[in-house]
Amino acid sequence: MAKDQDKITQAVADKEELSKAKSRKEVNQSFWSLVRHQFKKNKIALAALYVVFFLFAIAIFADFLANDKPILAKYDGTLYFPVFKDYLVEMGLDRWSADLVTADWKELDQQGKLSTTIWPLVKWRSSNQDLVNNTAPPGGNHVLGTDAIGRDVLAGMIHGSRIALSIGFISMSFAISIGVILGALAGFYGGWVDIVISRLIELVITFPTFFLIITVVAMFQSGSIWLVMVLIGLVSWPSIARFTRGEFLRVRNMEYVAAATAVGLSNWRVIFRHVLPNSLAPVLVTSAFGIASAILTEAGLSFLGFGVPPTIVTWGSVLNDARGNIQAWWLAVFPGFAIFLSVLCYNLVGDGLRDALDPRLRD
């Protein structure tokens, strides 16, 4: 009986020691480790993050998923991988015979001139036109149908993910660069610097964002994807600057900032080495929402015909094609769902980050 009591006492002591060790470990965790732990507890936000990663994978491997050339093929005794690397010819980085640069690989495959052939999931590029099956419904050689000029919708959706994600991330990177620098200067120095930058923020916020972008893009006869990125970034930085300014006003009077200044560190080193890393949390949340907003803005511009050039297929441009043919429901449903899914996931990730960064919600 005494032995059983000793075992129970030892088990309770071990459990208490384990609990104390766990508590010490949690205390010693870094801030971002706690944020990651808290974010993982939000199952909806975590699932949305996985969908974002999936969209990234589609964008990165778009050439392997949708292409009119095989991934791997053996022609005339020579093994080519990947076959669609012929774009390097234009850059002078590779040399192919002229007949292969302009070859129709599907026809070569049908003629039996290729061996050991591995084709992508979709045997079409976003720019290929199937004039026989224009505005064809889903099915057959075109899983999601074709548009008015015979371009495969699924290929356009796959390659259009690159446009959507690149516009979202590059435009927000541009906005973050401007917003963080101006917000940091306003919050750290205060005084007339804060007044000037705050008035500039208020001025930019008053601009009607969407109509401003349409006006500038309409001035250029040939649209450019980089122009759209820069314009979205130029009108998206004020919110980031305001959050950064508020964080700097809170952090700049803390003891470690005063200690860094007292030992003689330059203001730029104090700002970017000590204050900024502790002020980035709201910026991350704003950036997640900003990426979703940038994707939606680009889709709206392309839908109205003011986005990227007509030769480039985007989710918004496919939606634009649906306006001319109401019966072609697939031109509206599939790109509309892709835009809805990507914007929803980025918003959910932003919500998850906001909750994970809130210490009041941390257990």
# chains A, B, ... in the order shown; residues from 1 in each chain; ligands from 1
$ residues_around --residues "range 150-162 of chain A" --least-positions-apart "3" --cutoff "7 Å" --atoms "only C-alpha atoms" --output "list in words"
Ile58, Ala59, Ala62, Ala66, Val122, Trp124, Arg125, Ser126, Ser127, Asn128, Gln129, Asp130, Leu131, Asn133, Asn134, Thr135, His142, Val143, Leu144, Gly145, Thr146, Asp147, Leu165, Ser166, Val313, Thr314, Trp315 and Pro335 of chain A
$ write_last_selection --atoms "N, CA and C atoms" --output "mmCIF file, in the first residue's frame"
data_model
loop_
_atom_site.group_PDB
_atom_site.id
_atom_site.type_symbol
_atom_site.label_atom_id
_atom_site.label_comp_id
_atom_site.auth_asym_id
_atom_site.auth_seq_id
_atom_site.Cartn_x
_atom_site.Cartn_y
_atom_site.Cartn_z
ATOM 1 N N ILE A 58 0.964 26.665 -58.010
ATOM 2 C CA ILE A 58 0.417 26.729 -59.366
ATOM 3 C C ILE A 58 1.106 27.811 -60.177
ATOM 4 N N ALA A 59 1.320 28.981 -59.558
ATOM 5 C CA ALA A 59 1.966 30.095 -60.269
ATOM 6 C C ALA A 59 3.409 29.763 -60.631
ATOM 7 N N ALA A 62 3.504 26.927 -63.414
ATOM 8 C CA ALA A 62 2.481 27.090 -64.457
ATOM 9 C C ALA A 62 2.930 26.505 -65.782
ATOM 10 N N ALA A 66 0.497 23.810 -67.740
ATOM 11 C CA ALA A 66 -0.236 24.163 -68.955
ATOM 12 C C ALA A 66 0.748 24.656 -69.995
ATOM 13 N N VAL A 122 -2.329 20.203 -68.930
ATOM 14 C CA VAL A 122 -3.120 20.894 -69.962
ATOM 15 C C VAL A 122 -2.215 21.139 -71.159
ATOM 16 N N TRP A 124 -2.189 23.116 -73.552
ATOM 17 C CA TRP A 124 -2.430 24.416 -74.183
ATOM 18 C C TRP A 124 -1.723 25.486 -73.375
ATOM 19 N N ARG A 125 -1.239 26.498 -74.074
ATOM 20 C CA ARG A 125 -0.785 27.708 -73.407
ATOM 21 C C ARG A 125 -1.943 28.700 -73.345
ATOM 22 N N SER A 126 -1.794 29.712 -72.494
ATOM 23 C CA SER A 126 -2.871 30.689 -72.372
ATOM 24 C C SER A 126 -3.049 31.510 -73.640
ATOM 25 N N SER A 127 -2.001 31.573 -74.486
ATOM 26 C CA SER A 127 -2.074 32.371 -75.718
ATOM 27 C C SER A 127 -2.480 31.556 -76.941
ATOM 28 N N ASN A 128 -2.523 30.221 -76.824
ATOM 29 C CA ASN A 128 -2.907 29.386 -77.970
ATOM 30 C C ASN A 128 -4.384 29.570 -78.311
ATOM 31 N N GLN A 129 -4.685 29.558 -79.601
ATOM 32 C CA GLN A 129 -6.062 29.718 -80.063
ATOM 33 C C GLN A 129 -6.513 28.475 -80.806
ATOM 34 N N ASP A 130 -7.651 27.953 -80.386
ATOM 35 C CA ASP A 130 -8.289 26.836 -81.076
ATOM 36 C C ASP A 130 -9.480 27.403 -81.842
ATOM 37 N N LEU A 131 -9.232 27.790 -83.087
ATOM 38 C CA LEU A 131 -10.253 28.480 -83.870
ATOM 39 C C LEU A 131 -11.451 27.597 -84.190
ATOM 40 N N ASN A 133 -12.813 25.506 -82.013
ATOM 41 C CA ASN A 133 -13.630 25.358 -80.806
ATOM 42 C C ASN A 133 -13.680 26.661 -80.008
ATOM 43 N N ASN A 134 -13.909 27.769 -80.667
ATOM 44 C CA ASN A 134 -14.028 29.018 -79.926
ATOM 45 C C ASN A 134 -15.370 29.074 -79.189
ATOM 46 N N THR A 135 -15.338 29.618 -77.976
ATOM 47 C CA THR A 135 -16.499 29.680 -77.068
ATOM 48 C C THR A 135 -17.115 28.293 -76.889
ATOM 49 N N HIS A 142 -10.847 20.698 -73.868
ATOM 50 C CA HIS A 142 -10.802 21.908 -73.045
ATOM 51 C C HIS A 142 -11.668 21.664 -71.800
ATOM 52 N N VAL A 143 -11.009 21.363 -70.707
ATOM 53 C CA VAL A 143 -11.725 20.945 -69.498
ATOM 54 C C VAL A 143 -12.656 22.039 -68.993
ATOM 55 N N LEU A 144 -12.201 23.297 -69.043
ATOM 56 C CA LEU A 144 -13.027 24.412 -68.576
ATOM 57 C C LEU A 144 -13.547 25.255 -69.736
ATOM 58 N N GLY A 145 -13.501 24.733 -70.949
ATOM 59 C CA GLY A 145 -14.017 25.443 -72.099
ATOM 60 C C GLY A 145 -13.009 26.426 -72.690
ATOM 61 N N THR A 146 -13.472 27.208 -73.666
ATOM 62 C CA THR A 146 -12.627 28.206 -74.329
ATOM 63 C C THR A 146 -13.350 29.548 -74.346
ATOM 64 N N ASP A 147 -12.570 30.607 -74.632
ATOM 65 C CA ASP A 147 -13.172 31.939 -74.721
ATOM 66 C C ASP A 147 -13.572 32.246 -76.165
ATOM 67 N N LEU A 165 -0.931 36.938 -58.407
ATOM 68 C CA LEU A 165 -0.049 36.905 -57.244
ATOM 69 C C LEU A 165 1.096 37.897 -57.370
ATOM 70 N N SER A 166 1.647 38.043 -58.581
ATOM 71 C CA SER A 166 2.761 38.978 -58.744
ATOM 72 C C SER A 166 2.295 40.410 -58.538
ATOM 73 N N VAL A 313 -3.416 37.010 -70.582
ATOM 74 C CA VAL A 313 -4.655 36.490 -70.002
ATOM 75 C C VAL A 313 -4.581 36.593 -68.481
ATOM 76 N N THR A 314 -5.569 37.230 -67.888
ATOM 77 C CA THR A 314 -5.696 37.295 -66.435
ATOM 78 C C THR A 314 -7.094 36.839 -66.045
ATOM 79 N N TRP A 315 -7.300 36.655 -64.761
ATOM 80 C CA TRP A 315 -8.632 36.260 -64.305
ATOM 81 C C TRP A 315 -9.663 37.329 -64.655
ATOM 82 N N PRO A 335 -13.224 31.966 -63.400
ATOM 83 C CA PRO A 335 -12.353 33.047 -62.926
ATOM 84 C C PRO A 335 -12.942 33.791 -61.740
#
$ residues_around --residues "Ile201 in chain A" --least-positions-apart "6" --cutoff "10 Å" --atoms "only C-alpha atoms" --output "PyMOL selection string"
chain A and resi 179+182-183+195+235+237-242
$ closest_residue --among "A:Phe188, A:Tyr346, A:Tyr50, A:Phe211" --to "Met254 in chain A" --atoms "only C-alpha atoms"
A:Phe188
$ select_by_dssp --residues "range 323-354 of chain A" --states "alpha helix (DSSP H)" --output "list in words"
Arg323, Trp330, Leu331, Ala332, Val333, Phe334, Pro335, Gly336, Phe337, Ala338, Ile339, Phe340, Leu341, Ser342, Val343, Leu344, Cys345, Tyr346, Asn347, Leu348, Val349, Gly350, Asp351, Gly352, Leu353 and Arg354 of chain A
$ residues_around --residues "Phe174 in chain A" --least-positions-apart "5" --cutoff "12 Å" --atoms "only C-alpha atoms" --output "ChimeraX atom specification"
/A:166-169,179-181,226,228-238,240,287,290-291,294
$ write_last_selection --atoms "C-alpha atoms" --output "mmCIF file, in the first residue's frame"
data_model
loop_
_atom_site.group_PDB
_atom_site.id
_atom_site.type_symbol
_atom_site.label_atom_id
_atom_site.label_comp_id
_atom_site.auth_asym_id
_atom_site.auth_seq_id
_atom_site.Cartn_x
_atom_site.Cartn_y
_atom_site.Cartn_z
ATOM 1 C CA SER A 166 2.761 38.978 -58.744
ATOM 2 C CA ILE A 167 0.586 42.095 -58.807
ATOM 3 C CA GLY A 168 -0.484 41.493 -55.216
ATOM 4 C CA PHE A 169 2.991 40.897 -53.827
ATOM 5 C CA GLY A 179 4.862 53.278 -46.000
ATOM 6 C CA VAL A 180 7.404 51.843 -43.565
ATOM 7 C CA ILE A 181 10.069 54.454 -44.334
ATOM 8 C CA TRP A 226 4.435 47.030 -64.189
ATOM 9 C CA VAL A 228 -0.466 48.666 -62.759
ATOM 10 C CA MET A 229 1.799 47.362 -59.983
ATOM 11 C CA VAL A 230 3.417 50.757 -59.404
ATOM 12 C CA LEU A 231 0.083 52.588 -59.382
ATOM 13 C CA ILE A 232 -1.480 50.181 -56.887
ATOM 14 C CA GLY A 233 1.604 50.508 -54.684
ATOM 15 C CA LEU A 234 1.554 54.314 -54.883
ATOM 16 C CA VAL A 235 -2.000 54.527 -53.568
ATOM 17 C CA SER A 236 -1.742 51.707 -50.993
ATOM 18 C CA TRP A 237 1.058 52.948 -48.731
ATOM 19 C CA PRO A 238 -0.819 55.492 -46.523
ATOM 20 C CA ILE A 240 0.865 51.116 -43.778
ATOM 21 C CA SER A 287 -0.076 43.683 -46.026
ATOM 22 C CA GLY A 290 -3.526 44.788 -49.074
ATOM 23 C CA ILE A 291 -2.553 41.819 -51.255
ATOM 24 C CA ALA A 294 -4.517 44.522 -55.030
#
$ select_by_dssp --residues "range 118-269 of chain A" --states "strand (DSSP E or B)" --output "list in words"
Ile118, Val122, Gly139, His142, Thr146 and Asp152 of chain A
$ write_last_selection --atoms "N, CA and C atoms" --output "CSV table (one decimal), in the first residue's frame"
chain,number,residue,atom,x,y,z
A,118,ILE,N,6.5,13.2,-72.1
A,118,ILE,CA,5.7,13.5,-70.9
A,118,ILE,C,5.1,14.9,-71.1
A,122,VAL,N,-2.3,20.2,-68.9
A,122,VAL,CA,-3.1,20.9,-70.0
A,122,VAL,C,-2.2,21.1,-71.2
A,139,GLY,N,-15.4,20.5,-71.5
A,139,GLY,CA,-15.4,19.1,-72.0
A,139,GLY,C,-14.5,18.9,-73.1
A,142,HIS,N,-10.8,20.7,-73.9
A,142,HIS,CA,-10.8,21.9,-73.0
A,142,HIS,C,-11.7,21.7,-71.8
A,146,THR,N,-13.5,27.2,-73.7
A,146,THR,CA,-12.6,28.2,-74.3
A,146,THR,C,-13.4,29.5,-74.3
A,152,ASP,N,-7.8,28.4,-74.3
A,152,ASP,CA,-8.2,27.5,-73.2
A,152,ASP,C,-8.4,28.2,-71.9
